[in-house]
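Novice: File entry.cif below, mmCIF, C-alpha atoms and all ligand atoms:
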data_my_file
#
loop_
_atom_site.label_atom_id
_atom_site.label_comp_id
_atom_site.auth_asym_id
_atom_site.auth_seq_id
_atom_site.Cartn_x
_atom_site.Cartn_y
_atom_site.Cartn_z
CA GLU A 265 67.64 236.81 166.83
CA SER A 266 70.28 236.63 169.52
CA VAL A 267 73.89 236.45 168.46
CA ALA A 268 74.28 233.70 171.05
CA ALA A 269 71.85 231.47 169.17
CA GLY A 270 73.30 228.87 166.85
CA PRO A 271 73.15 225.13 166.44
CA ALA A 272 75.72 222.91 168.09
CA GLY A 273 79.04 222.76 166.27
CA VAL A 274 78.60 226.11 164.56
CA GLU A 275 80.46 229.16 165.79
CA ARG A 276 78.35 231.98 167.22
CA PRO A 277 78.72 235.22 165.22
CA ALA A 278 79.93 237.10 168.28
CA ALA A 279 82.79 234.62 168.75
CA LEU A 280 84.17 235.16 165.25
CA VAL A 281 86.84 237.82 165.06
CA ASN A 282 87.35 238.38 161.34
CA LEU A 283 85.68 237.90 157.96
CA ARG A 284 87.78 234.87 157.03
CA GLU A 285 86.51 233.05 160.11
CA PHE A 286 83.00 233.77 158.88
CA GLU A 287 83.79 231.97 155.66
CA ALA A 288 85.06 228.92 157.57
CA ALA A 289 82.00 228.93 159.84
CA ALA A 290 79.68 229.28 156.84
CA TRP A 291 81.41 226.33 155.19
CA GLU A 292 80.61 224.22 158.26
CA ARG A 293 77.01 225.24 158.26
CA LEU A 294 75.99 225.48 154.61
CA ASP A 295 74.88 222.75 152.25
CA PRO A 296 78.12 222.11 150.25
CA VAL A 297 76.24 222.79 147.00
CA PHE A 298 75.25 226.29 148.14
CA TYR A 299 78.64 226.97 149.71
CA ASP A 300 80.33 226.15 146.40
CA TYR A 301 77.85 228.29 144.46
CA PHE A 302 78.68 231.27 146.69
CA ALA A 303 82.42 230.71 147.01
CA GLY A 304 83.20 229.62 143.48
CA GLY A 305 84.54 231.57 140.55
CA ALA A 306 84.70 231.04 136.82
CA ALA A 307 86.87 228.33 135.25
CA ASP A 308 90.28 228.01 136.97
CA GLU A 309 89.42 230.70 139.54
CA ILE A 310 92.55 232.62 138.61
CA THR A 311 90.77 235.96 138.90
CA LEU A 312 89.02 234.89 142.10
CA ALA A 313 92.41 234.27 143.74
CA ALA A 314 93.96 237.38 142.19
CA ASN A 315 91.37 239.67 143.78
CA GLU A 316 92.59 238.91 147.30
CA ALA A 317 96.25 238.55 146.30
CA ALA A 318 96.26 242.09 144.88
CA PHE A 319 95.63 243.48 148.37
CA ARG A 320 98.24 241.23 149.97
CA ARG A 321 101.08 242.42 147.77
CA ARG A 322 100.42 246.10 148.44
CA ALA A 323 101.92 247.62 151.57
CA LEU A 324 100.58 250.42 153.71
CA ILE A 325 103.10 253.14 154.50
CA PRO A 326 101.59 254.88 157.54
CA ARG A 327 102.11 258.49 158.58
CA VAL A 328 102.79 259.09 162.27
CA LEU A 329 102.35 261.77 164.94
CA ARG A 330 99.64 263.60 163.12
CA GLY A 331 97.59 264.28 166.22
CA GLN A 332 94.29 263.68 164.51
CA GLY A 333 91.01 263.12 166.34
CA PRO A 334 89.10 259.86 166.45
CA PRO A 335 88.36 258.38 163.00
CA ARG A 336 85.10 259.51 161.40
CA LEU A 337 84.01 256.99 158.83
CA GLY A 338 80.89 258.57 157.32
CA VAL A 339 80.70 259.33 153.59
CA THR A 340 78.13 260.69 151.14
CA LEU A 341 77.67 258.67 147.95
CA LEU A 342 75.41 259.95 145.16
CA GLY A 343 73.79 262.28 147.66
CA GLN A 344 73.15 259.53 150.19
CA GLU A 345 74.82 259.38 153.56
CA ALA A 346 76.41 256.14 154.72
CA SER A 347 78.11 255.38 158.01
CA MET A 348 81.20 254.02 156.27
CA PRO A 349 82.61 253.69 152.74
CA VAL A 350 81.57 250.03 152.54
CA LEU A 351 78.46 248.91 150.66
CA LEU A 352 76.86 245.52 150.29
CA ALA A 353 77.50 244.37 146.72
CA PRO A 354 74.53 242.81 144.96
CA THR A 355 74.52 239.04 145.35
CA ALA A 356 71.77 236.73 144.16
CA PHE A 357 69.65 234.25 146.11
CA HIS A 358 70.16 235.07 149.81
CA ARG A 359 67.63 232.45 150.76
CA LEU A 360 70.19 229.78 149.94
CA ALA A 361 72.14 231.16 152.92
CA HIS A 362 69.33 231.77 155.40
CA PRO A 363 65.51 231.50 155.49
CA ASP A 364 65.18 235.21 156.34
CA ALA A 365 66.99 235.86 153.04
CA GLU A 366 67.40 239.46 151.81
CA ARG A 367 65.16 240.74 154.60
CA ALA A 368 67.83 239.87 157.16
CA THR A 369 70.56 241.45 155.03
CA ALA A 370 68.55 244.66 154.61
CA ARG A 371 67.84 244.90 158.33
CA ALA A 372 71.52 244.49 159.18
CA ALA A 373 72.50 247.09 156.57
CA ALA A 374 69.91 249.53 157.89
CA GLU A 375 71.03 249.02 161.47
CA ALA A 376 74.65 249.62 160.44
CA GLY A 377 73.80 252.63 158.30
CA VAL A 378 75.36 251.15 155.17
CA ILE A 379 74.00 251.07 151.64
CA MET A 380 72.76 247.72 150.37
CA ILE A 381 72.70 247.14 146.62
CA ALA A 382 69.73 244.81 146.28
CA ALA A 383 70.19 242.23 143.53
CA MET A 384 67.54 241.95 140.86
CA LEU A 385 67.87 238.18 141.35
CA SER A 386 66.72 238.29 144.96
CA THR A 387 64.61 235.61 146.58
CA VAL A 388 62.20 238.17 148.09
CA THR A 389 60.80 241.14 146.19
CA ILE A 390 62.40 244.57 146.10
CA GLU A 391 59.31 245.91 147.90
CA GLU A 392 59.82 243.46 150.77
CA ILE A 393 63.51 244.29 150.96
CA ALA A 394 62.74 248.02 151.02
CA ALA A 395 60.33 247.46 153.90
CA CYS A 396 63.30 246.13 155.93
CA GLY A 397 65.92 248.76 155.17
CA PRO A 398 65.97 252.30 153.85
CA ARG A 399 69.41 252.67 152.28
CA LEU A 400 68.90 250.74 149.07
CA TRP A 401 70.22 250.83 145.54
CA PHE A 402 68.79 248.44 142.95
CA GLN A 403 70.99 246.26 140.75
CA LEU A 404 69.64 245.62 137.30
CA TYR A 405 70.49 243.24 134.49
CA ILE A 406 68.98 245.25 131.65
CA GLN A 407 66.51 242.92 129.94
CA PRO A 408 66.16 243.03 126.14
CA ASP A 409 62.43 243.48 126.79
CA LEU A 410 62.67 247.18 127.61
CA GLU A 411 59.05 247.37 128.73
CA PHE A 412 59.82 244.83 131.41
CA THR A 413 63.06 246.62 132.31
CA ALA A 414 61.05 249.83 132.68
CA SER A 415 58.60 248.08 134.98
CA LEU A 416 61.48 246.96 137.22
CA VAL A 417 62.84 250.50 137.25
CA ARG A 418 59.46 251.89 138.28
CA ARG A 419 59.21 249.31 141.06
CA ALA A 420 62.70 250.17 142.32
CA GLU A 421 61.84 253.88 142.29
CA ALA A 422 58.53 253.32 144.08
CA ALA A 423 60.27 251.17 146.69
CA GLY A 424 62.58 254.09 147.46
CA CYS A 425 65.80 252.85 145.88
CA ARG A 426 68.21 255.74 145.47
CA ALA A 427 70.30 254.51 142.53
CA LEU A 428 70.24 251.94 139.74
CA VAL A 429 73.29 249.74 139.37
CA VAL A 430 73.57 248.32 135.87
CA THR A 431 75.68 245.19 135.78
CA ALA A 432 77.57 245.42 132.52
CA ASP A 433 79.95 242.46 132.75
CA SER A 434 77.38 239.73 132.19
CA PRO A 435 76.41 239.42 128.51
CA ALA A 436 76.45 235.69 129.28
CA LEU A 437 76.46 233.71 132.50
CA GLY A 438 79.93 232.83 133.76
CA ARG A 439 80.51 229.11 134.27
CA ASN A 440 80.97 228.11 137.88
CA GLU A 441 82.42 224.60 137.60
CA ARG A 442 82.01 223.91 141.31
CA ALA A 443 78.27 224.42 140.99
CA GLU A 444 78.22 222.45 137.75
CA ARG A 445 79.99 219.52 139.36
CA HIS A 446 77.18 219.40 141.92
CA GLY A 447 74.61 219.58 139.15
CA PHE A 448 73.32 222.85 140.65
CA HIS A 449 71.42 224.58 137.85
CA ASP A 450 68.13 225.62 139.42
CA LEU A 451 67.00 227.03 142.72
CA PRO A 452 65.52 224.44 145.10
CA PRO A 453 61.73 224.03 145.11
CA GLY A 454 59.98 226.98 146.73
CA MET A 455 62.75 229.46 145.91
CA TYR A 456 62.63 231.69 142.86
CA CYS A 457 63.59 235.11 141.52
CA ALA A 458 60.86 236.99 143.32
CA ASN A 459 61.14 240.15 141.21
CA MET A 460 60.51 238.12 138.10
CA ALA A 461 57.25 236.54 139.27
CA GLU A 462 54.26 237.50 137.14
CA GLY A 463 50.92 236.05 138.05
CA GLY A 464 51.39 232.30 138.26
CA HIS A 465 54.78 232.03 136.55
CA VAL A 466 58.34 233.28 136.92
CA ARG A 467 59.86 235.14 133.97
CA GLN A 468 63.11 233.84 132.52
CA VAL A 469 66.11 236.12 133.22
CA ALA A 470 68.12 237.12 130.16
CA LEU A 471 71.85 237.78 130.48
CA SER A 472 71.99 239.01 126.93
CA PRO A 473 74.89 239.91 124.60
CA GLU A 474 72.50 242.31 122.83
CA ILE A 475 72.72 244.82 125.66
CA SER A 476 74.74 247.91 124.74
CA TRP A 477 75.33 251.56 125.60
CA ARG A 478 72.16 252.26 123.60
CA HIS A 479 70.23 250.48 126.36
CA VAL A 480 71.97 252.61 128.97
CA ASP A 481 70.79 255.68 127.02
CA ARG A 482 67.25 254.32 127.09
CA LEU A 483 67.55 253.72 130.82
CA ARG A 484 68.77 257.30 131.25
CA GLU A 485 65.52 258.46 129.60
CA MET A 486 63.43 256.18 131.82
CA THR A 487 64.57 257.48 135.17
CA SER A 488 66.05 260.40 137.02
CA LEU A 489 67.75 258.10 139.52
CA PRO A 490 71.55 258.08 139.45
CA ILE A 491 72.90 255.30 137.22
CA VAL A 492 75.93 253.29 138.28
CA ILE A 493 77.75 251.05 135.79
CA LYS A 494 79.11 247.93 137.49
CA GLY A 495 81.79 245.71 136.04
CA VAL A 496 84.15 248.14 134.31
CA LEU A 497 87.83 247.18 133.94
CA HIS A 498 88.85 248.97 130.72
CA PRO A 499 89.60 252.72 130.72
CA GLY A 500 87.79 253.04 127.38
CA ASP A 501 84.61 251.69 128.93
CA ALA A 502 85.02 254.01 131.90
CA ARG A 503 85.12 256.98 129.49
CA LEU A 504 82.08 255.66 127.63
CA ALA A 505 80.21 255.23 130.89
CA VAL A 506 80.78 258.90 131.72
CA GLU A 507 79.80 259.97 128.19
CA HIS A 508 76.58 257.97 128.49
CA GLY A 509 75.63 259.77 131.67
CA ALA A 510 76.73 257.34 134.35
CA ASP A 511 76.85 258.92 137.81
CA ALA A 512 79.34 256.41 139.24
CA ILE A 513 81.32 253.35 138.17
CA ILE A 514 82.01 250.14 140.03
CA VAL A 515 85.38 248.69 139.09
CA SER A 516 84.66 244.98 139.38
CA ASN A 517 85.26 241.60 137.80
CA HIS A 518 82.12 240.20 139.43
CA GLY A 519 84.13 238.52 142.17
CA GLY A 520 85.96 236.39 139.58
CA ARG A 521 82.68 234.75 138.56
CA GLN A 522 82.40 235.92 134.96
CA LEU A 523 85.50 236.11 132.71
CA ASP A 524 88.41 234.22 134.25
CA THR A 525 91.96 235.61 133.88
CA THR A 526 90.88 239.24 134.08
CA PRO A 527 93.19 241.10 136.48
CA ALA A 528 92.30 241.72 140.08
CA SER A 529 89.80 244.57 140.26
CA LEU A 530 92.24 246.47 142.51
CA ASP A 531 94.79 246.39 139.68
CA ARG A 532 92.31 248.18 137.38
CA LEU A 533 91.45 250.99 139.78
CA ALA A 534 94.32 253.31 138.89
CA PRO A 535 93.90 253.06 135.09
CA VAL A 536 90.15 253.60 135.39
CA ALA A 537 90.67 256.51 137.78
CA GLU A 538 93.04 258.12 135.31
CA ALA A 539 90.50 257.80 132.48
CA VAL A 540 87.64 259.15 134.58
CA ASP A 541 89.74 261.99 135.98
CA GLY A 542 87.42 262.70 138.89
CA ARG A 543 84.30 263.24 136.77
CA VAL A 544 82.36 260.54 138.66
CA PRO A 545 83.08 258.62 141.86
CA LEU A 546 84.56 255.14 141.60
CA LEU A 547 83.63 252.17 143.71
CA LEU A 548 85.52 248.89 143.87
CA ASP A 549 84.55 245.36 144.73
CA GLY A 550 86.37 242.03 144.73
CA GLY A 551 88.41 240.51 147.53
CA ILE A 552 87.72 243.05 150.29
CA ARG A 553 88.14 241.08 153.53
CA ARG A 554 89.95 243.49 155.88
CA GLY A 555 89.91 247.11 156.96
CA THR A 556 93.38 247.40 155.44
CA ASP A 557 91.89 246.32 152.09
CA VAL A 558 89.35 249.14 152.27
CA VAL A 559 92.08 251.71 152.92
CA LYS A 560 94.20 250.40 150.03
CA ALA A 561 91.25 250.76 147.66
CA LEU A 562 90.59 254.31 148.91
CA ALA A 563 94.26 255.17 148.40
CA LEU A 564 94.16 253.91 144.81
CA GLY A 565 91.16 256.07 143.93
CA ALA A 566 87.95 254.48 145.21
CA ALA A 567 85.36 256.59 147.03
CA ALA A 568 84.00 253.40 148.59
CA VAL A 569 84.11 249.63 148.28
CA ALA A 570 81.55 246.83 148.32
CA ILE A 571 81.64 243.35 149.80
CA GLY A 572 79.99 240.33 148.16
CA ARG A 573 80.74 236.96 149.71
CA PRO A 574 81.40 238.14 153.31
CA THR A 575 77.76 239.23 153.54
CA LEU A 576 76.63 235.76 152.49
CA TRP A 577 78.92 234.15 155.07
CA GLY A 578 77.47 236.39 157.77
CA LEU A 579 73.96 235.56 156.67
CA ALA A 580 74.67 231.82 156.63
CA VAL A 581 76.22 231.88 160.11
CA GLY A 582 73.70 234.06 161.90
CA GLY A 583 71.09 235.69 159.69
CA GLN A 584 70.70 239.39 160.47
CA ALA A 585 73.04 239.14 163.48
CA GLY A 586 75.68 237.49 161.35
CA VAL A 587 75.61 240.22 158.69
CA ALA A 588 75.62 242.82 161.48
CA ARG A 589 78.73 241.24 162.98
CA VAL A 590 80.51 241.16 159.60
CA LEU A 591 79.82 244.87 159.16
CA ALA A 592 80.84 245.67 162.75
CA LEU A 593 84.15 243.83 162.35
CA LEU A 594 84.94 245.60 159.09
CA ARG A 595 84.00 248.96 160.60
CA ARG A 596 86.28 248.37 163.58
CA GLU A 597 89.14 247.30 161.35
CA LEU A 598 88.63 250.31 159.08
CA ALA A 599 88.62 252.72 162.01
CA GLY A 600 91.75 251.09 163.44
CA THR A 601 93.54 251.13 160.09
CA LEU A 602 92.74 254.80 159.49
CA ALA A 603 94.04 255.68 162.95
CA LEU A 604 97.24 253.70 162.45
CA CYS A 605 97.76 255.34 159.05
CA GLY A 606 97.38 258.82 160.51
CA ALA A 607 94.13 259.59 158.68
CA ALA A 608 91.00 260.77 160.48
CA THR A 609 88.54 260.28 157.62
CA PRO A 610 88.26 258.25 154.41
CA GLY A 611 88.86 261.48 152.50
CA GLU A 612 92.28 261.88 154.15
CA VAL A 613 93.56 258.62 152.67
CA THR A 614 96.10 259.61 150.06
CA ALA A 615 97.82 257.68 147.27
CA ASP A 616 101.21 257.76 149.02
CA LEU A 617 99.88 255.45 151.76
CA VAL A 618 100.13 252.46 149.42
CA GLU A 619 103.08 250.92 147.66
CA GLU A 620 103.77 247.61 145.93
CA VAL A 621 106.80 246.16 147.68
CA ALA A 622 108.91 243.07 147.08
CA SER A 623 108.75 241.98 150.73
CA LEU A 624 104.99 241.26 150.53
CA ARG A 625 105.04 239.17 147.37
C1 LIG B 1 77.55 237.91 142.89
N1 LIG B 1 77.70 239.10 142.20
C2 LIG B 1 76.62 239.62 141.52
N2 LIG B 1 76.73 240.83 140.89
C3 LIG B 1 75.67 241.37 140.24
O1 LIG B 1 75.80 242.45 139.70
N3 LIG B 1 74.47 240.72 140.23
C4 LIG B 1 74.27 239.52 140.83
O2 LIG B 1 73.18 238.95 140.79
C5 LIG B 1 75.38 238.93 141.50
N4 LIG B 1 75.27 237.72 142.12
C6 LIG B 1 76.32 237.21 142.84
C7 LIG B 1 76.14 236.02 143.54
C8 LIG B 1 77.18 235.54 144.33
C9 LIG B 1 76.97 234.27 145.09
C10 LIG B 1 78.41 236.24 144.41
C11 LIG B 1 79.53 235.76 145.27
C12 LIG B 1 78.58 237.41 143.69
C13 LIG B 1 78.99 239.84 142.21
C14 LIG B 1 79.07 240.79 143.38
O3 LIG B 1 78.22 241.90 143.21
C15 LIG B 1 80.48 241.36 143.57
O4 LIG B 1 80.93 241.91 142.35
C16 LIG B 1 81.50 240.33 144.07
O5 LIG B 1 80.92 239.39 144.91
C17 LIG B 1 82.63 241.06 144.80
O6 LIG B 1 83.62 240.18 145.17
P1 LIG B 1 83.76 239.51 146.64
O7 LIG B 1 83.54 240.60 147.67
O8 LIG B 1 82.74 238.43 146.71
O9 LIG B 1 85.16 239.01 146.62
#
Transcribe the structure of this file into structure tokens.
Specialist:
Amino acid sequence: ESVAAGPAGVERPAALVNLREFEAAAWERLDPVFYDYFAGGAADEITLAANEAAFRRRALIPRVLRGQGPPRLGVTLLGQEASMPVLLAPTAFHRLAHPDAERATARAAAEAGVIMIAAMLSTVTIEEIAACGPRLWFQLYIQPDLEFTASLVRRAEAAGCRALVVTADSPALGRNERAERHGFHDLPPGMYCANMAEGGHVRQVALSPEISWRHVDRLREMTSLPIVIKGVLHPGDARLAVEHGADAIIVSNHGGRQLDTTPASLDRLAPVAEAVDGRVPLLLDGGIRRGTDVVKALALGAAAVAIGRPTLWGLAVGGQAGVARVLALLRRELAGTLALCGAATPGEVTADLVEEVASLR
């Protein structure tokens, strides 16, 4: 698909110069019901707003005249190389954004050399996604039916996924009132959770309060893949994750879609980092929209970040080319920010580069 293609009245991906413009262009193009499902957060959307605000009120204090070479953005995460410390967070139902669905997202991620965390609730199967892109992790909602969970794990392994991401912050589904107002409860006809299809029917997904660290232990026995716990905000849970064999932690409030009035995920990075004390790498998602945001997260202790909604906006605007453009813009901003901060690599970003200051409130 050419980046120049696009229906009348909709911006071409190549003409958009930042991730926020992608959101505006996606709003113009998407069915309002699907836009609201993607954009919305839980309840009063206090956490949703806080995620972005937390980046705004932190300042970058650059170092100058360091004479470093050109920025090198590559990182290794859980033994896997990525071209930059930005992953695609797992988001459900890409087909609501574009008919090519997760295939387009995976192709764009592969082309950009970034890791895509494929959502269990995808609209094409994990096998089809894997056929489109090699750098995949698989996100799992552990199902109380452990046999079925094990079958998903085996499929993810066979498809070549390199890590399992257990979403821990969803013992119940968060209430998105925007979607509810539209009466959006089910996927449109012809769309379904492809990984859950069994013979002629589609299995019900359980977001169950029964799931506990005991299930994580069982998962640990089921697989030798690295296990990542996603949705940790409390230092106590970060310690438990390490004790239960987690290989990485994603500090996340699910993009403000689960429990409203949790703090911004960025505000939880330092306390979680202190609890983990370098034993496992930390990732962060929630509100990343700029290269400066990525650098702030790195400074506060993240090894990498993930983006949720911006991927969906890219997909809605231009399919694979749209996601590719979103990643290219973020890469360019990240490289520029590193250079302006006097850091040549993500690893050279130090805590003293970030400060909360009154002038940015
Ligand atoms: C999500 N997220 C999510 N997380 C997860 O573990 N499993 C899932 O199925 C989904 N589905 C999902 C759908 C949509 C539409 C959104 C916007 C988000 C949460 C996601 O992984 C991530 O935590 C947030 O999206 C990060 O915040 P930003 O980047 O969207 O601000």
Novice: Let me see if you get this right: every residue at most 7 Å from ligand LIG 1 (chain B), counting all atoms listed in the file, written as a PDB file with C-alpha atoms, in the frame of the given file.
Specialist:
ATOM      1  CA  TYR A 301      77.850 228.290 144.460  1.00  0.00           C
ATOM      2  CA  PHE A 302      78.680 231.270 146.690  1.00  0.00           C
ATOM      3  CA  ALA A 303      82.420 230.710 147.010  1.00  0.00           C
ATOM      4  CA  ASN A 315      91.370 239.670 143.780  1.00  0.00           C
ATOM      5  CA  ALA A 353      77.500 244.370 146.720  1.00  0.00           C
ATOM      6  CA  PRO A 354      74.530 242.810 144.960  1.00  0.00           C
ATOM      7  CA  THR A 355      74.520 239.040 145.350  1.00  0.00           C
ATOM      8  CA  ALA A 356      71.770 236.730 144.160  1.00  0.00           C
ATOM      9  CA  ALA A 383      70.190 242.230 143.530  1.00  0.00           C
ATOM     10  CA  MET A 384      67.540 241.950 140.860  1.00  0.00           C
ATOM     11  CA  LEU A 385      67.870 238.180 141.350  1.00  0.00           C
ATOM     12  CA  GLN A 403      70.990 246.260 140.750  1.00  0.00           C
ATOM     13  CA  THR A 431      75.680 245.190 135.780  1.00  0.00           C
ATOM     14  CA  LYS A 494      79.110 247.930 137.490  1.00  0.00           C
ATOM     15  CA  SER A 516      84.660 244.980 139.380  1.00  0.00           C
ATOM     16  CA  ASN A 517      85.260 241.600 137.800  1.00  0.00           C
ATOM     17  CA  HIS A 518      82.120 240.200 139.430  1.00  0.00           C
ATOM     18  CA  GLY A 519      84.130 238.520 142.170  1.00  0.00           C
ATOM     19  CA  ASP A 549      84.550 245.360 144.730  1.00  0.00           C
ATOM     20  CA  GLY A 550      86.370 242.030 144.730  1.00  0.00           C
ATOM     21  CA  GLY A 551      88.410 240.510 147.530  1.00  0.00           C
ATOM     22  CA  ILE A 552      87.720 243.050 150.290  1.00  0.00           C
ATOM     23  CA  ALA A 570      81.550 246.830 148.320  1.00  0.00           C
ATOM     24  CA  ILE A 571      81.640 243.350 149.800  1.00  0.00           C
ATOM     25  CA  GLY A 572      79.990 240.330 148.160  1.00  0.00           C
ATOM     26  CA  ARG A 573      80.740 236.960 149.710  1.00  0.00           C
ATOM     27  CA  PRO A 574      81.400 238.140 153.310  1.00  0.00           C
TER      28      PRO A 574
END
Novice: Just give me the gap between atom CA of Arg321 of chain A and atom CA of Ala528 of chain A in Å, one decimal is fine.
Specialist: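 Straight-line distance from atom CA of Arg321 of chain A to atom CA of Ala528 of chain A works out to 11.7 Å.
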Novice: To box segment 354-370 of chain A, take all atoms listed in the file, fit an axis-aligned box, add 5 Å on each side, and give centre and edge lengths in Å to one decimal, as lines of an AutoDock Vina configuration file.
Specialist:
center_x = 69.8
center_y = 237.2
center_z = 150.7
size_x = 19.4
size_y = 24.9
size_z = 23.0
Novice: Which residues come within 12 Å of Ser623 of chain A, counting only C-alpha atoms, excluding same-chain residues fewer than 2 positions away, as a PDB file with C-alpha atoms, in the coordinates of the input?
Specialist:
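Saved the output as around_5.pdb:
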ATOM      1  CA  ARG A 320      98.240 241.230 149.970  1.00  0.00           C
ATOM      2  CA  ARG A 321     101.080 242.420 147.770  1.00  0.00           C
ATOM      3  CA  ARG A 322     100.420 246.100 148.440  1.00  0.00           C
ATOM      4  CA  ALA A 323     101.920 247.620 151.570  1.00  0.00           C
ATOM      5  CA  GLU A 619     103.080 250.920 147.660  1.00  0.00           C
ATOM      6  CA  GLU A 620     103.770 247.610 145.930  1.00  0.00           C
ATOM      7  CA  VAL A 621     106.800 246.160 147.680  1.00  0.00           C
ATOM      8  CA  ARG A 625     105.040 239.170 147.370  1.00  0.00           C
TER       9      ARG A 625
END
Novice: Between A:Leu602, A:Ala372, A:Leu294, A:Leu428, which has the minimum distance to Trp577 of chain A (counting all atoms listed in the file)?
Specialist: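 Result for the nearest residue to Trp577 of chain A: A:Leu294.
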Novice: Quick one: of A:Leu342, A:Ile393, A:Leu360, A:Ala370, who's nearest to Leu547 of chain A, counting only C-alpha atoms?
Specialist: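 So, comparing all the options, the nearest one is A:Leu342.
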Novice: Point out the residue among A:Gly438, A:Pro499, A:Pro408, A:Gly464 with the least atom-to-atom distance to Arg482 of chain A, counting all atoms listed in the file.
Specialist: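 Among the listed residues, the smallest separation from Arg482 of chain A belongs to A:Pro408.
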Novice: Could you tell me which of A:Asp511, A:Ala502, A:Thr614, A:Val430 comes closest to Leu533 of chain A if we count all atoms listed in the file?
Specialist: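 Closest to Leu533 of chain A of all the choices is A:Ala502.
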Novice: From the options A:Leu437, A:Val558, A:Ala568, A:Ala365, which residue's atoms come nearest to His449 of chain A, counting all atoms listed in the file?
Specialist: A:Leu437
Novice: Residues at most 8 Å from Leu312 of chain A, counting all atoms listed in the file, excluding those fewer than 4 positions away in the same chain, as a ChimeraX atom specification?
Specialist: /A:304-306,316,519-521,524,528,551
Novice: Select, counting all atoms listed in the file, all protein, DNA and RNA residues no farther than 10 Å from (68.9, 254.2, 153.3) in file coordinates, and express the selection as an mmCIF file with C-alpha atoms, in the coordinates of the input.
Specialist:
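Now in out39.cif:
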data_model
loop_
_atom_site.group_PDB
_atom_site.id
_atom_site.type_symbol
_atom_site.label_atom_id
_atom_site.label_comp_id
_atom_site.auth_asym_id
_atom_site.auth_seq_id
_atom_site.Cartn_x
_atom_site.Cartn_y
_atom_site.Cartn_z
ATOM 1 C CA GLN A 344 73.150 259.530 150.190
ATOM 2 C CA GLU A 345 74.820 259.380 153.560
ATOM 3 C CA ALA A 346 76.410 256.140 154.720
ATOM 4 C CA ALA A 370 68.550 244.660 154.610
ATOM 5 C CA ALA A 373 72.500 247.090 156.570
ATOM 6 C CA ALA A 374 69.910 249.530 157.890
ATOM 7 C CA GLU A 375 71.030 249.020 161.470
ATOM 8 C CA GLY A 377 73.800 252.630 158.300
ATOM 9 C CA VAL A 378 75.360 251.150 155.170
ATOM 10 C CA ILE A 379 74.000 251.070 151.640
ATOM 11 C CA MET A 380 72.760 247.720 150.370
ATOM 12 C CA ALA A 394 62.740 248.020 151.020
ATOM 13 C CA GLY A 397 65.920 248.760 155.170
ATOM 14 C CA PRO A 398 65.970 252.300 153.850
ATOM 15 C CA ARG A 399 69.410 252.670 152.280
ATOM 16 C CA LEU A 400 68.900 250.740 149.070
ATOM 17 C CA TRP A 401 70.220 250.830 145.540
ATOM 18 C CA GLY A 424 62.580 254.090 147.460
ATOM 19 C CA CYS A 425 65.800 252.850 145.880
ATOM 20 C CA ARG A 426 68.210 255.740 145.470
#
Novice: So the first atom is atom CA of Val388 of chain A and the second is atom CA of Phe448 of chain A; what is the distance between them in Å, to one decimal place?
Specialist: 20.3 Å
Novice: Nearest to Ala278 of chain A: which of A:Leu598, A:Ala588, A:Ala603, A:Ala566 is it, counting all atoms listed in the file?
Specialist: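 Smallest separation from Ala278 of chain A among the options: A:Ala588.
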Novice: I'd like the interatomic distance between atom CA of Leu562 of chain A and atom CA of Pro349 of chain A, to a tenth of an Å.
Specialist: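 Value for the atom CA of Leu562 of chain A-atom CA of Pro349 of chain A distance: 8.9 Å.
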Novice: I want to know what sits within 12 Å of Pro452 of chain A, based on all atoms listed in the file, with residues of the same chain fewer than 5 positions away left out; could you give that as a list in words?
Specialist: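 That gives Asp295, Val297, Phe298, Phe357, Arg359, Leu360, Thr387, Gly447 and Cys457 of chain A.
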Novice: Only C-alpha atoms, please: the residues just picked out, written as a PDB file, in the coordinates of the input.
Specialist:
ATOM      1  CA  ASP A 295      74.880 222.750 152.250  1.00  0.00           C
ATOM      2  CA  VAL A 297      76.240 222.790 147.000  1.00  0.00           C
ATOM      3  CA  PHE A 298      75.250 226.290 148.140  1.00  0.00           C
ATOM      4  CA  PHE A 357      69.650 234.250 146.110  1.00  0.00           C
ATOM      5  CA  ARG A 359      67.630 232.450 150.760  1.00  0.00           C
ATOM      6  CA  LEU A 360      70.190 229.780 149.940  1.00  0.00           C
ATOM      7  CA  THR A 387      64.610 235.610 146.580  1.00  0.00           C
ATOM      8  CA  GLY A 447      74.610 219.580 139.150  1.00  0.00           C
ATOM      9  CA  CYS A 457      63.590 235.110 141.520  1.00  0.00           C
TER      10      CYS A 457
END
Novice: Any idea what's packed within 12 Å of Met460 of chain A, counting all atoms listed in the file, ignoring anything in its chain fewer than 4 positions away? Could you give it as a ChimeraX atom specification?
Specialist: /A:383-390,404-405,407,412-413,415-416,419,455-456,464-470
